[in-house]
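Report on one structure; see the data block that follows.
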Amino acid sequence: MDRAEAVIPHKSGEAEPSAASPGSTGLAGLRERIAGARLDPYLLATAFFVAYLLLSLVRYRRMLTMSWDLGIFEQAVKGYAHLHAPITQLKGPGFNALGDHFSPVTALIAPFYRVFPTPVTLLVAQALLFGVSVIPVTRGAGLLLGRGRGLAVGVAYGLSWGVQRAVDFDFHEIAFAMPLLAFSLEAVVRRRWAPALWWALPLVLVKEDLGVTAATIGAIVWWRTREGAEQEAAVPAQAAAREGEQADGAAAGEGAGPDGQGQGQDGTTGGGDQVEAPLSDAERYGPWAIGLIGFGVAASALALAVVIPAFHGPGYDAFNHINGDGTMTGHIPFGTAVRTLLWILLPTSGLLALRSPLFVAALPTIGWRFLSHYPENWGTAWHYSAVLMPVVFLALVDAADRSRHSRQPWLRSYASGVPAAAVGAAMALTLSLPLASLGHTATYKVDARAKEIQKVLKLIPDGATVEANVGPVSWLVDRTTVYWVGGTNGVVPQYIAIDNSTGWVPDPMNYGSQLHPGSTYTMLANEQGYVVLRRN
């Protein structure tokens with residue numbers, strides 16, 4: 001027996017018998033180990049939920065928000081919470097969020113936001129969703145590869161650079177896709193076809209491009225059920241061939257029944273009842289998988305061609321989200337594409353994920369990013385790679401499980417070691433990723449500058465209209481109506497609040513008059529680089 005066969009279970013979810021560990025013997029020890037293995041995914045998910053939440057909260061409290069996205073999503077959720085349309089004034093007065101991206105799933109946060117009207121509610125929701133996604137990844141890995149490798153894959157996933165980048169970058173709707181993708185693909189590797197299809201279905205409500213991803217999951221299920229049916233059919237066919245060879249030596253009279261009627265292939269007489277064979281997985285779930293393929297593609301097409309343009313109004317171009325401003329600003333350099341692909345595949349799976357059909361589910365996201373003319377979509381920053389992480393790690397699990405049947409000893413050995421290598425790589429990379437900051441006491445301290453800025457922003461009364469840039473936005477949306485600086489489209493706000501730390505506005509009061517000719521503003525505060533103006 002080679003090393004791979006010794007360490008990877010030979011049956012899905014069952015390890016080979018081994019010597020009892022010290023301190024746990026007999027049936028009681030076995031029960032204890034099984035109970036612990038069942039709890040592993042949930043304990044790991046809880047630990048990562050706490051870590052993600054801490055990272056999000058300390059960044060928010062220290063005013064380290066990186067973009068206007070948190071404010072945009074908060075405005076949309078705020079609209080849903082008050083049973084209104086998801087108007088995002090930051091995108092323009094009266095602008096409907098569904099005219100930007102089709103993400104109605106964010107309405108699920110609305111009841112909680114109604115009770116806790118703060119951007120922290122969105123950050124808690126995102127941390128929870130990311131944490132929950134750890135459960136199916138760890139559980140699926142444990143069932144197929146054994147407890148130790150399951151934990152290794154779960155930790156590697158939770159620490160993966162794609163997940164950490166997304167948690168660090170405020171809030172985005174793709175948080176809802178993480179558990180949906182993870183539960184769906186876990187069901188695939190466990191051959192639970194109905195849950196795999198059901199978990200993929202709601203992806204169409206997360207973002208307009210994810211309908212195509214749901215379609216690819218339907219294609220994977222269709223392929224895997226046919227693959228399983230072919231394997232199952234091979235065994236009875238071989239048995240039937242052997243029986244046929246034995247029957248060739250029998251007497252001719254044995255081919256007829258007592259009454260002269262020929263016997264059927266199943267051994268019953270021609271007049272007897274026929275027993276129908278049970279439907280194969282391909283027959284039972286294949287049509288539903290094909291249905292998901294059609295539904296996913298149709299949902300994405302409908303969102304891009306009908307729904308989003310209807311909410312956006314005149315001037316919508318479906319390719320603006322790919323081209324940035326709708327112009328051909330450039331193509332992804334070959335070196336950048338290779339570098340991004342290697343980051344997606346190498347530290348996460350040692351390229352082993354490429355051996356699994358599950359990796360097909362990553363292709364729609366990789367495709368639109370690489371076709372984009374918007375450089376931010378090409379690399380490894382921001383949140384764009386998060387949805388690839390559940391796909392790659394469960395593809396790793398699937399590939400490792402399939403590789404143990406390989407005739408190549410080196411492949412069996414390599415597959416057995418990849419989970420440990422993946423967790424090692426994830427831990428090493430974490431030293432330079434956001435979660436590493438949780439190990440420093442300074443991370444949890446709100447400095448005097450941040451406290452002073454928060455006092456300055458409190459000068460703006462509740463219910464006011466405010467024009468702001470990134471810094472003040474997430475501290476004002478919950479209690480005021482906030483517009484993006486320079487994007488009020490004729491609305492003259494009562495206040496202007498800007499982060500002028502870099503001195504990009506030499507004369508703030510004159511800048512206010514430039515933004516709104518005919519109006520003048522008085523400076524209320526200019527502290528720590530933050531300026532608050534009030535309209536006269």
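Just so we're on the same page: first chain in the structure tokens is A, next is B, and so on; residues restart at 1 for each chain, and ligands are numbered from 1 in the order they show up.
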
Near-Ala497 in chain A list (9 Å; only C-alpha atoms; drop same-chain fewer than 3 positions) as a PyMOL selection string: chain A and resi 457+460+466-469+471-473+485+530-534

Give me a file of those residues, with all heavy atoms, as an mmCIF file, in the first residue's frame.
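To be explicit, this is the file written out as selection.cif:
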```
data_model
loop_
_atom_site.group_PDB
_atom_site.id
_atom_site.type_symbol
_atom_site.label_atom_id
_atom_site.label_comp_id
_atom_site.auth_asym_id
_atom_site.auth_seq_id
_atom_site.Cartn_x
_atom_site.Cartn_y
_atom_site.Cartn_z
ATOM 1 N N LEU A 457 -18.295 65.183 12.225
ATOM 2 C CA LEU A 457 -19.425 64.738 11.413
ATOM 3 C C LEU A 457 -20.745 64.806 12.176
ATOM 4 O O LEU A 457 -21.819 64.917 11.572
ATOM 5 C CB LEU A 457 -19.180 63.319 10.904
ATOM 6 C CG LEU A 457 -17.994 63.159 9.938
ATOM 7 C CD1 LEU A 457 -17.815 61.698 9.544
ATOM 8 C CD2 LEU A 457 -18.195 64.015 8.680
ATOM 9 N N ILE A 460 -23.425 67.647 11.705
ATOM 10 C CA ILE A 460 -24.486 67.572 10.691
ATOM 11 C C ILE A 460 -25.715 66.942 11.332
ATOM 12 O O ILE A 460 -25.654 65.821 11.844
ATOM 13 C CB ILE A 460 -24.022 66.732 9.486
ATOM 14 C CG1 ILE A 460 -22.770 67.350 8.865
ATOM 15 C CG2 ILE A 460 -25.129 66.594 8.457
ATOM 16 C CD1 ILE A 460 -22.142 66.513 7.776
ATOM 17 N N VAL A 466 -26.716 65.859 2.407
ATOM 18 C CA VAL A 466 -25.269 66.030 2.487
ATOM 19 C C VAL A 466 -24.622 65.572 1.179
ATOM 20 O O VAL A 466 -25.013 64.546 0.611
ATOM 21 C CB VAL A 466 -24.664 65.233 3.657
ATOM 22 C CG1 VAL A 466 -23.189 65.571 3.839
ATOM 23 C CG2 VAL A 466 -25.440 65.478 4.945
ATOM 24 N N GLU A 467 -23.629 66.320 0.765
ATOM 25 C CA GLU A 467 -22.798 65.917 -0.367
ATOM 26 C C GLU A 467 -21.438 65.524 0.204
ATOM 27 O O GLU A 467 -20.837 66.298 0.951
ATOM 28 C CB GLU A 467 -22.662 67.081 -1.344
ATOM 29 C CG GLU A 467 -22.000 66.739 -2.659
ATOM 30 C CD GLU A 467 -22.065 67.907 -3.640
ATOM 31 O OE1 GLU A 467 -22.617 68.968 -3.270
ATOM 32 O OE2 GLU A 467 -21.561 67.756 -4.771
ATOM 33 N N ALA A 468 -20.968 64.304 -0.119
ATOM 34 C CA ALA A 468 -19.773 63.807 0.564
ATOM 35 C C ALA A 468 -18.952 62.920 -0.363
ATOM 36 O O ALA A 468 -19.437 62.435 -1.394
ATOM 37 C CB ALA A 468 -20.165 63.030 1.814
ATOM 38 N N ASN A 469 -17.693 62.714 0.034
ATOM 39 C CA ASN A 469 -16.851 61.729 -0.651
ATOM 40 C C ASN A 469 -16.654 60.522 0.266
ATOM 41 O O ASN A 469 -17.360 60.375 1.274
ATOM 42 C CB ASN A 469 -15.528 62.351 -1.126
ATOM 43 C CG ASN A 469 -14.679 62.871 0.022
ATOM 44 O OD1 ASN A 469 -15.090 62.865 1.188
ATOM 45 N ND2 ASN A 469 -13.487 63.353 -0.294
ATOM 46 N N GLY A 471 -14.664 59.220 2.685
ATOM 47 C CA GLY A 471 -14.446 59.246 4.129
ATOM 48 C C GLY A 471 -15.702 59.394 4.970
ATOM 49 O O GLY A 471 -15.958 58.576 5.873
ATOM 50 N N PRO A 472 -16.527 60.409 4.733
ATOM 51 C CA PRO A 472 -17.695 60.631 5.601
ATOM 52 C C PRO A 472 -18.901 59.752 5.284
ATOM 53 O O PRO A 472 -19.809 59.636 6.116
ATOM 54 C CB PRO A 472 -18.056 62.105 5.348
ATOM 55 C CG PRO A 472 -16.908 62.691 4.593
ATOM 56 C CD PRO A 472 -16.277 61.565 3.850
ATOM 57 N N VAL A 473 -18.954 59.147 4.084
ATOM 58 C CA VAL A 473 -20.187 58.519 3.600
ATOM 59 C C VAL A 473 -20.760 57.509 4.582
ATOM 60 O O VAL A 473 -21.934 57.598 4.981
ATOM 61 C CB VAL A 473 -19.945 57.850 2.228
ATOM 62 C CG1 VAL A 473 -21.027 56.832 1.917
ATOM 63 C CG2 VAL A 473 -19.920 58.901 1.131
ATOM 64 N N VAL A 485 -20.129 63.567 -4.013
ATOM 65 C CA VAL A 485 -19.626 64.895 -4.312
ATOM 66 C C VAL A 485 -19.532 65.090 -5.829
ATOM 67 O O VAL A 485 -18.957 64.270 -6.546
ATOM 68 C CB VAL A 485 -18.256 65.125 -3.636
ATOM 69 C CG1 VAL A 485 -17.207 64.157 -4.157
ATOM 70 C CG2 VAL A 485 -17.797 66.560 -3.806
ATOM 71 N N TYR A 530 -10.736 66.833 7.559
ATOM 72 C CA TYR A 530 -12.153 66.730 7.202
ATOM 73 C C TYR A 530 -12.804 68.110 7.274
ATOM 74 O O TYR A 530 -12.620 68.837 8.256
ATOM 75 C CB TYR A 530 -12.886 65.760 8.126
ATOM 76 C CG TYR A 530 -12.772 64.316 7.677
ATOM 77 C CD1 TYR A 530 -11.532 63.686 7.631
ATOM 78 C CD2 TYR A 530 -13.891 63.595 7.290
ATOM 79 C CE1 TYR A 530 -11.418 62.367 7.224
ATOM 80 C CE2 TYR A 530 -13.784 62.265 6.887
ATOM 81 C CZ TYR A 530 -12.545 61.662 6.845
ATOM 82 O OH TYR A 530 -12.430 60.368 6.428
ATOM 83 N N VAL A 531 -13.562 68.441 6.237
ATOM 84 C CA VAL A 531 -14.189 69.747 6.136
ATOM 85 C C VAL A 531 -15.709 69.579 6.106
ATOM 86 O O VAL A 531 -16.224 68.720 5.374
ATOM 87 C CB VAL A 531 -13.734 70.491 4.868
ATOM 88 C CG1 VAL A 531 -14.469 71.822 4.722
ATOM 89 C CG2 VAL A 531 -12.226 70.713 4.895
ATOM 90 N N VAL A 532 -16.411 70.379 6.893
ATOM 91 C CA VAL A 532 -17.872 70.397 6.874
ATOM 92 C C VAL A 532 -18.333 71.811 6.563
ATOM 93 O O VAL A 532 -17.968 72.769 7.260
ATOM 94 C CB VAL A 532 -18.468 69.932 8.223
ATOM 95 C CG1 VAL A 532 -19.989 70.074 8.211
ATOM 96 C CG2 VAL A 532 -18.084 68.485 8.510
ATOM 97 N N LEU A 533 -19.101 71.946 5.494
ATOM 98 C CA LEU A 533 -19.658 73.239 5.085
ATOM 99 C C LEU A 533 -21.170 73.214 5.248
ATOM 100 O O LEU A 533 -21.815 72.181 5.017
ATOM 101 C CB LEU A 533 -19.312 73.526 3.615
ATOM 102 C CG LEU A 533 -17.839 73.457 3.191
ATOM 103 C CD1 LEU A 533 -17.723 73.682 1.685
ATOM 104 C CD2 LEU A 533 -17.015 74.482 3.955
ATOM 105 N N ARG A 534 -21.737 74.389 5.609
ATOM 106 C CA ARG A 534 -23.192 74.527 5.724
ATOM 107 C C ARG A 534 -23.661 75.593 4.755
ATOM 108 O O ARG A 534 -23.054 76.662 4.652
ATOM 109 C CB ARG A 534 -23.587 74.904 7.155
ATOM 110 C CG ARG A 534 -25.107 74.996 7.364
ATOM 111 C CD ARG A 534 -25.437 75.359 8.801
ATOM 112 N NE ARG A 534 -24.837 76.652 9.169
ATOM 113 C CZ ARG A 534 -24.706 77.084 10.409
ATOM 114 N NH1 ARG A 534 -25.107 76.313 11.417
ATOM 115 N NH2 ARG A 534 -24.158 78.260 10.665
#
```

Determine, counting only C-alpha atoms, which protein, DNA and RNA residues have an atom within 12 Å of an atom of Pro309 in chain A; residues of the same chain fewer than 3 positions away are not included. Present the result as a PDB file with all heavy atoms, in the first residue's frame.
```
ATOM      1  N   ASN A  96     -32.241  53.990  -8.774  1.00  0.00           N
ATOM      2  CA  ASN A  96     -32.625  52.690  -8.221  1.00  0.00           C
ATOM      3  C   ASN A  96     -31.445  51.736  -8.315  1.00  0.00           C
ATOM      4  O   ASN A  96     -30.861  51.542  -9.383  1.00  0.00           O
ATOM      5  CB  ASN A  96     -33.822  52.133  -8.981  1.00  0.00           C
ATOM      6  CG  ASN A  96     -34.479  50.956  -8.278  1.00  0.00           C
ATOM      7  OD1 ASN A  96     -33.820  49.998  -7.908  1.00  0.00           O
ATOM      8  ND2 ASN A  96     -35.794  51.033  -8.092  1.00  0.00           N
ATOM      9  N   ALA A  97     -31.112  51.101  -7.196  1.00  0.00           N
ATOM     10  CA  ALA A  97     -29.961  50.195  -7.159  1.00  0.00           C
ATOM     11  C   ALA A  97     -30.101  49.046  -8.147  1.00  0.00           C
ATOM     12  O   ALA A  97     -29.099  48.519  -8.652  1.00  0.00           O
ATOM     13  CB  ALA A  97     -29.772  49.642  -5.753  1.00  0.00           C
ATOM     14  N   LEU A  98     -31.343  48.643  -8.451  1.00  0.00           N
ATOM     15  CA  LEU A  98     -31.552  47.549  -9.397  1.00  0.00           C
ATOM     16  C   LEU A  98     -31.241  47.968 -10.823  1.00  0.00           C
ATOM     17  O   LEU A  98     -31.204  47.126 -11.725  1.00  0.00           O
ATOM     18  CB  LEU A  98     -32.996  47.038  -9.302  1.00  0.00           C
ATOM     19  CG  LEU A  98     -33.374  46.418  -7.953  1.00  0.00           C
ATOM     20  CD1 LEU A  98     -34.847  46.028  -7.936  1.00  0.00           C
ATOM     21  CD2 LEU A  98     -32.498  45.204  -7.648  1.00  0.00           C
ATOM     22  N   GLY A  99     -31.015  49.250 -11.043  1.00  0.00           N
ATOM     23  CA  GLY A  99     -30.583  49.737 -12.344  1.00  0.00           C
ATOM     24  C   GLY A  99     -29.079  49.718 -12.502  1.00  0.00           C
ATOM     25  O   GLY A  99     -28.554  50.113 -13.552  1.00  0.00           O
ATOM     26  N   ASP A 100     -28.382  49.279 -11.465  1.00  0.00           N
ATOM     27  CA  ASP A 100     -26.925  49.164 -11.514  1.00  0.00           C
ATOM     28  C   ASP A 100     -26.539  47.685 -11.572  1.00  0.00           C
ATOM     29  O   ASP A 100     -25.887  47.238 -12.506  1.00  0.00           O
ATOM     30  CB  ASP A 100     -26.316  49.840 -10.295  1.00  0.00           C
ATOM     31  CG  ASP A 100     -24.800  49.864 -10.338  1.00  0.00           C
ATOM     32  OD1 ASP A 100     -24.239  49.816 -11.442  1.00  0.00           O
ATOM     33  OD2 ASP A 100     -24.178  49.938  -9.261  1.00  0.00           O
ATOM     34  N   HIS A 101     -26.947  46.933 -10.568  1.00  0.00           N
ATOM     35  CA  HIS A 101     -26.762  45.479 -10.545  1.00  0.00           C
ATOM     36  C   HIS A 101     -28.055  44.850 -10.049  1.00  0.00           C
ATOM     37  O   HIS A 101     -28.732  45.399  -9.174  1.00  0.00           O
ATOM     38  CB  HIS A 101     -25.613  45.081  -9.621  1.00  0.00           C
ATOM     39  CG  HIS A 101     -24.264  45.476 -10.124  1.00  0.00           C
ATOM     40  ND1 HIS A 101     -23.707  44.947 -11.260  1.00  0.00           N
ATOM     41  CD2 HIS A 101     -23.353  46.365  -9.638  1.00  0.00           C
ATOM     42  CE1 HIS A 101     -22.514  45.473 -11.464  1.00  0.00           C
ATOM     43  NE2 HIS A 101     -22.279  46.337 -10.501  1.00  0.00           N
ATOM     44  N   PHE A 102     -28.375  43.679 -10.589  1.00  0.00           N
ATOM     45  CA  PHE A 102     -29.590  42.982 -10.159  1.00  0.00           C
ATOM     46  C   PHE A 102     -29.258  42.129  -8.940  1.00  0.00           C
ATOM     47  O   PHE A 102     -28.825  40.990  -9.065  1.00  0.00           O
ATOM     48  CB  PHE A 102     -30.143  42.120 -11.289  1.00  0.00           C
ATOM     49  CG  PHE A 102     -31.451  41.464 -10.946  1.00  0.00           C
ATOM     50  CD1 PHE A 102     -32.600  42.229 -10.775  1.00  0.00           C
ATOM     51  CD2 PHE A 102     -31.547  40.093 -10.786  1.00  0.00           C
ATOM     52  CE1 PHE A 102     -33.809  41.635 -10.447  1.00  0.00           C
ATOM     53  CE2 PHE A 102     -32.745  39.488 -10.455  1.00  0.00           C
ATOM     54  CZ  PHE A 102     -33.881  40.263 -10.292  1.00  0.00           C
ATOM     55  N   ALA A 301     -29.634  36.713 -18.975  1.00  0.00           N
ATOM     56  CA  ALA A 301     -29.990  37.477 -20.171  1.00  0.00           C
ATOM     57  C   ALA A 301     -31.129  38.440 -19.887  1.00  0.00           C
ATOM     58  O   ALA A 301     -31.109  39.607 -20.322  1.00  0.00           O
ATOM     59  CB  ALA A 301     -30.370  36.517 -21.300  1.00  0.00           C
ATOM     60  N   LEU A 302     -32.132  37.975 -19.139  1.00  0.00           N
ATOM     61  CA  LEU A 302     -33.271  38.827 -18.811  1.00  0.00           C
ATOM     62  C   LEU A 302     -32.845  40.000 -17.939  1.00  0.00           C
ATOM     63  O   LEU A 302     -33.284  41.143 -18.140  1.00  0.00           O
ATOM     64  CB  LEU A 302     -34.342  37.999 -18.102  1.00  0.00           C
ATOM     65  CG  LEU A 302     -35.666  38.708 -17.802  1.00  0.00           C
ATOM     66  CD1 LEU A 302     -36.398  39.028 -19.098  1.00  0.00           C
ATOM     67  CD2 LEU A 302     -36.545  37.825 -16.903  1.00  0.00           C
ATOM     68  N   ALA A 303     -31.977  39.725 -16.960  1.00  0.00           N
ATOM     69  CA  ALA A 303     -31.508  40.802 -16.079  1.00  0.00           C
ATOM     70  C   ALA A 303     -30.741  41.854 -16.856  1.00  0.00           C
ATOM     71  O   ALA A 303     -30.940  43.061 -16.658  1.00  0.00           O
ATOM     72  CB  ALA A 303     -30.640  40.220 -14.966  1.00  0.00           C
ATOM     73  N   LEU A 304     -29.863  41.415 -17.750  1.00  0.00           N
ATOM     74  CA  LEU A 304     -29.024  42.358 -18.497  1.00  0.00           C
ATOM     75  C   LEU A 304     -29.784  43.096 -19.588  1.00  0.00           C
ATOM     76  O   LEU A 304     -29.514  44.278 -19.848  1.00  0.00           O
ATOM     77  CB  LEU A 304     -27.844  41.607 -19.123  1.00  0.00           C
ATOM     78  CG  LEU A 304     -26.760  41.138 -18.154  1.00  0.00           C
ATOM     79  CD1 LEU A 304     -25.813  40.164 -18.839  1.00  0.00           C
ATOM     80  CD2 LEU A 304     -25.986  42.337 -17.611  1.00  0.00           C
ATOM     81  N   ALA A 305     -30.729  42.413 -20.227  1.00  0.00           N
ATOM     82  CA  ALA A 305     -31.402  43.011 -21.383  1.00  0.00           C
ATOM     83  C   ALA A 305     -32.709  43.707 -21.044  1.00  0.00           C
ATOM     84  O   ALA A 305     -33.146  44.597 -21.794  1.00  0.00           O
ATOM     85  CB  ALA A 305     -31.663  41.922 -22.432  1.00  0.00           C
ATOM     86  N   VAL A 306     -33.336  43.329 -19.923  1.00  0.00           N
ATOM     87  CA  VAL A 306     -34.669  43.872 -19.622  1.00  0.00           C
ATOM     88  C   VAL A 306     -34.732  44.549 -18.252  1.00  0.00           C
ATOM     89  O   VAL A 306     -35.070  45.729 -18.142  1.00  0.00           O
ATOM     90  CB  VAL A 306     -35.745  42.766 -19.712  1.00  0.00           C
ATOM     91  CG1 VAL A 306     -37.123  43.334 -19.371  1.00  0.00           C
ATOM     92  CG2 VAL A 306     -35.752  42.132 -21.097  1.00  0.00           C
ATOM     93  N   HIS A 312     -32.775  51.322 -14.699  1.00  0.00           N
ATOM     94  CA  HIS A 312     -31.744  52.333 -14.933  1.00  0.00           C
ATOM     95  C   HIS A 312     -32.294  53.541 -15.667  1.00  0.00           C
ATOM     96  O   HIS A 312     -31.963  54.683 -15.349  1.00  0.00           O
ATOM     97  CB  HIS A 312     -30.581  51.716 -15.725  1.00  0.00           C
ATOM     98  CG  HIS A 312     -29.419  52.628 -15.913  1.00  0.00           C
ATOM     99  ND1 HIS A 312     -29.402  53.636 -16.875  1.00  0.00           N
ATOM    100  CD2 HIS A 312     -28.220  52.706 -15.278  1.00  0.00           C
ATOM    101  CE1 HIS A 312     -28.252  54.282 -16.811  1.00  0.00           C
ATOM    102  NE2 HIS A 312     -27.524  53.736 -15.848  1.00  0.00           N
ATOM    103  N   GLY A 313     -33.134  53.271 -16.649  1.00  0.00           N
ATOM    104  CA  GLY A 313     -33.636  54.364 -17.470  1.00  0.00           C
ATOM    105  C   GLY A 313     -32.797  54.537 -18.725  1.00  0.00           C
ATOM    106  O   GLY A 313     -31.918  53.725 -19.028  1.00  0.00           O
ATOM    107  N   PRO A 314     -33.044  55.595 -19.483  1.00  0.00           N
ATOM    108  CA  PRO A 314     -32.336  55.810 -20.747  1.00  0.00           C
ATOM    109  C   PRO A 314     -30.825  55.865 -20.557  1.00  0.00           C
ATOM    110  O   PRO A 314     -30.318  56.327 -19.538  1.00  0.00           O
ATOM    111  CB  PRO A 314     -32.878  57.168 -21.223  1.00  0.00           C
ATOM    112  CG  PRO A 314     -34.182  57.330 -20.514  1.00  0.00           C
ATOM    113  CD  PRO A 314     -34.017  56.658 -19.197  1.00  0.00           C
ATOM    114  N   GLY A 315     -30.118  55.378 -21.571  1.00  0.00           N
ATOM    115  CA  GLY A 315     -28.665  55.472 -21.554  1.00  0.00           C
ATOM    116  C   GLY A 315     -27.958  54.270 -20.986  1.00  0.00           C
ATOM    117  O   GLY A 315     -26.734  54.271 -20.886  1.00  0.00           O
ATOM    118  N   TYR A 316     -28.710  53.214 -20.634  1.00  0.00           N
ATOM    119  CA  TYR A 316     -28.043  52.050 -20.068  1.00  0.00           C
ATOM    120  C   TYR A 316     -27.315  51.271 -21.151  1.00  0.00           C
ATOM    121  O   TYR A 316     -27.832  51.044 -22.248  1.00  0.00           O
ATOM    122  CB  TYR A 316     -29.050  51.130 -19.377  1.00  0.00           C
ATOM    123  CG  TYR A 316     -28.419  49.848 -18.864  1.00  0.00           C
ATOM    124  CD1 TYR A 316     -27.669  49.852 -17.706  1.00  0.00           C
ATOM    125  CD2 TYR A 316     -28.566  48.645 -19.569  1.00  0.00           C
ATOM    126  CE1 TYR A 316     -27.073  48.686 -17.224  1.00  0.00           C
ATOM    127  CE2 TYR A 316     -27.982  47.475 -19.100  1.00  0.00           C
ATOM    128  CZ  TYR A 316     -27.237  47.510 -17.935  1.00  0.00           C
ATOM    129  OH  TYR A 316     -26.652  46.364 -17.475  1.00  0.00           O
ATOM    130  N   ASP A 317     -26.114  50.831 -20.848  1.00  0.00           N
ATOM    131  CA  ASP A 317     -25.331  49.981 -21.729  1.00  0.00           C
ATOM    132  C   ASP A 317     -24.845  48.801 -20.900  1.00  0.00           C
ATOM    133  O   ASP A 317     -24.094  48.974 -19.937  1.00  0.00           O
ATOM    134  CB  ASP A 317     -24.137  50.753 -22.314  1.00  0.00           C
ATOM    135  CG  ASP A 317     -23.275  49.888 -23.231  1.00  0.00           C
ATOM    136  OD1 ASP A 317     -23.596  48.704 -23.415  1.00  0.00           O
ATOM    137  OD2 ASP A 317     -22.284  50.410 -23.769  1.00  0.00           O
ATOM    138  N   ALA A 318     -25.271  47.606 -21.291  1.00  0.00           N
ATOM    139  CA  ALA A 318     -24.932  46.418 -20.506  1.00  0.00           C
ATOM    140  C   ALA A 318     -23.437  46.217 -20.386  1.00  0.00           C
ATOM    141  O   ALA A 318     -22.959  45.595 -19.431  1.00  0.00           O
ATOM    142  CB  ALA A 318     -25.567  45.177 -21.139  1.00  0.00           C
ATOM    143  N   PHE A 319     -22.665  46.743 -21.325  1.00  0.00           N
ATOM    144  CA  PHE A 319     -21.221  46.530 -21.299  1.00  0.00           C
ATOM    145  C   PHE A 319     -20.486  47.599 -20.499  1.00  0.00           C
ATOM    146  O   PHE A 319     -19.271  47.549 -20.379  1.00  0.00           O
ATOM    147  CB  PHE A 319     -20.680  46.472 -22.724  1.00  0.00           C
ATOM    148  CG  PHE A 319     -21.138  45.251 -23.473  1.00  0.00           C
ATOM    149  CD1 PHE A 319     -22.211  45.319 -24.343  1.00  0.00           C
ATOM    150  CD2 PHE A 319     -20.517  44.033 -23.270  1.00  0.00           C
ATOM    151  CE1 PHE A 319     -22.648  44.191 -25.018  1.00  0.00           C
ATOM    152  CE2 PHE A 319     -20.944  42.898 -23.943  1.00  0.00           C
ATOM    153  CZ  PHE A 319     -22.012  42.979 -24.823  1.00  0.00           C
ATOM    154  N   ASN A 320     -21.227  48.576 -19.968  1.00  0.00           N
ATOM    155  CA  ASN A 320     -20.562  49.579 -19.134  1.00  0.00           C
ATOM    156  C   ASN A 320     -19.884  48.948 -17.932  1.00  0.00           C
ATOM    157  O   ASN A 320     -18.837  49.403 -17.488  1.00  0.00           O
ATOM    158  CB  ASN A 320     -21.569  50.622 -18.648  1.00  0.00           C
ATOM    159  CG  ASN A 320     -21.765  51.729 -19.672  1.00  0.00           C
ATOM    160  OD1 ASN A 320     -21.046  51.793 -20.666  1.00  0.00           O
ATOM    161  ND2 ASN A 320     -22.739  52.586 -19.440  1.00  0.00           N
TER     162      ASN A 320
END
```

Shell of 9 Å around Val124 in chain A, only C-alpha atoms, local chain residues under 5 positions omitted, as a list in words: Phe49, Tyr52, Leu53, Ser56, Leu57, Pro119 and Leu129 of chain A

Residue neighbourhood Tyr511 in chain A, 12 Å, only C-alpha atoms, exclusion window fewer than 2 positions, as a list in words: Val485, Gly486, Ile496, Ala497, Ile498, Asn500, Trp504, Val505, Pro506, Asp507, Pro508, Met509, Ser513, Gln514, Leu515, His516, Pro517, Ser519, Thr520, Tyr521, Thr522, Met523, Val531 and Leu533 of chain A

Contacts of Ile72 in chain A at 8 Å (only C-alpha atoms; same-chain gap of 2+ positions) as a PyMOL selection string: chain A and resi 68-70+74-76+88-91

Counting only C-alpha atoms, the residue of A:Ser385, A:Pro111, A:Gly150, A:Ala421 that sits nearest Pro347 in chain A: A:Ala421

Near-Phe359 in chain A list (8 Å; only C-alpha atoms; drop same-chain fewer than 6 positions) as a ChimeraX atom specification: /A:353,391-392,395

Any idea what's packed within 10 Å of His82 in chain A, counting only C-alpha atoms, ignoring anything in its chain fewer than 6 positions away? Could you give it as a PDB file with C-alpha atoms, in the first residue's frame?
```
ATOM      1  CA  ALA A 110     -33.696  44.834   5.580  1.00  0.00           C
ATOM      2  CA  PRO A 111     -35.603  43.479   8.629  1.00  0.00           C
ATOM      3  CA  TYR A 113     -31.471  46.966   9.448  1.00  0.00           C
ATOM      4  CA  ARG A 114     -34.890  48.258  10.481  1.00  0.00           C
TER       5      ARG A 114
END
```

Nearest residue to Pro195 in chain A from the set A:Thr106, A:Trp288, A:Ala152, A:Gly211 (distances using only C-alpha atoms):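 Closest candidate: A:Trp288.
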
Atom pair CA of Met178 in chain A / CA of Ser133 in chain A: separation (Å):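 Atom-to-atom, CA of Met178 in chain A to CA of Ser133 in chain A, that is 5.7 Å.
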
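Running DSSP on the backbone gives strand (DSSP E or B) for these residues within range 435-479 of chain A: Thr465, Val466, Glu467 and Ala468 of chain A.
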
Residues from the last selection, N, CA, C and O atoms, saved as a CSV table (one decimal), in the first residue's frame:
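Written file, result-v2.csv:
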```csv
chain,number,residue,atom,x,y,z
A,465,THR,N,-29.6,66.9,4.1
A,465,THR,CA,-29.0,66.4,2.9
A,465,THR,C,-27.6,66.8,2.8
A,465,THR,O,-27.2,68.0,3.1
A,466,VAL,N,-26.7,65.9,2.4
A,466,VAL,CA,-25.3,66.0,2.5
A,466,VAL,C,-24.6,65.6,1.2
A,466,VAL,O,-25.0,64.5,0.6
A,467,GLU,N,-23.6,66.3,0.8
A,467,GLU,CA,-22.8,65.9,-0.4
A,467,GLU,C,-21.4,65.5,0.2
A,467,GLU,O,-20.8,66.3,1.0
A,468,ALA,N,-21.0,64.3,-0.1
A,468,ALA,CA,-19.8,63.8,0.6
A,468,ALA,C,-19.0,62.9,-0.4
A,468,ALA,O,-19.4,62.4,-1.4
```

Helix (DSSP H, G or I) per DSSP on the backbone: members of range 46-223 of chain A, as a PyMOL selection string: chain A and resi 46-61+69-81+89-91+97-99+104-115+119-145+147-158+161-168+173-189+193-205+210-223
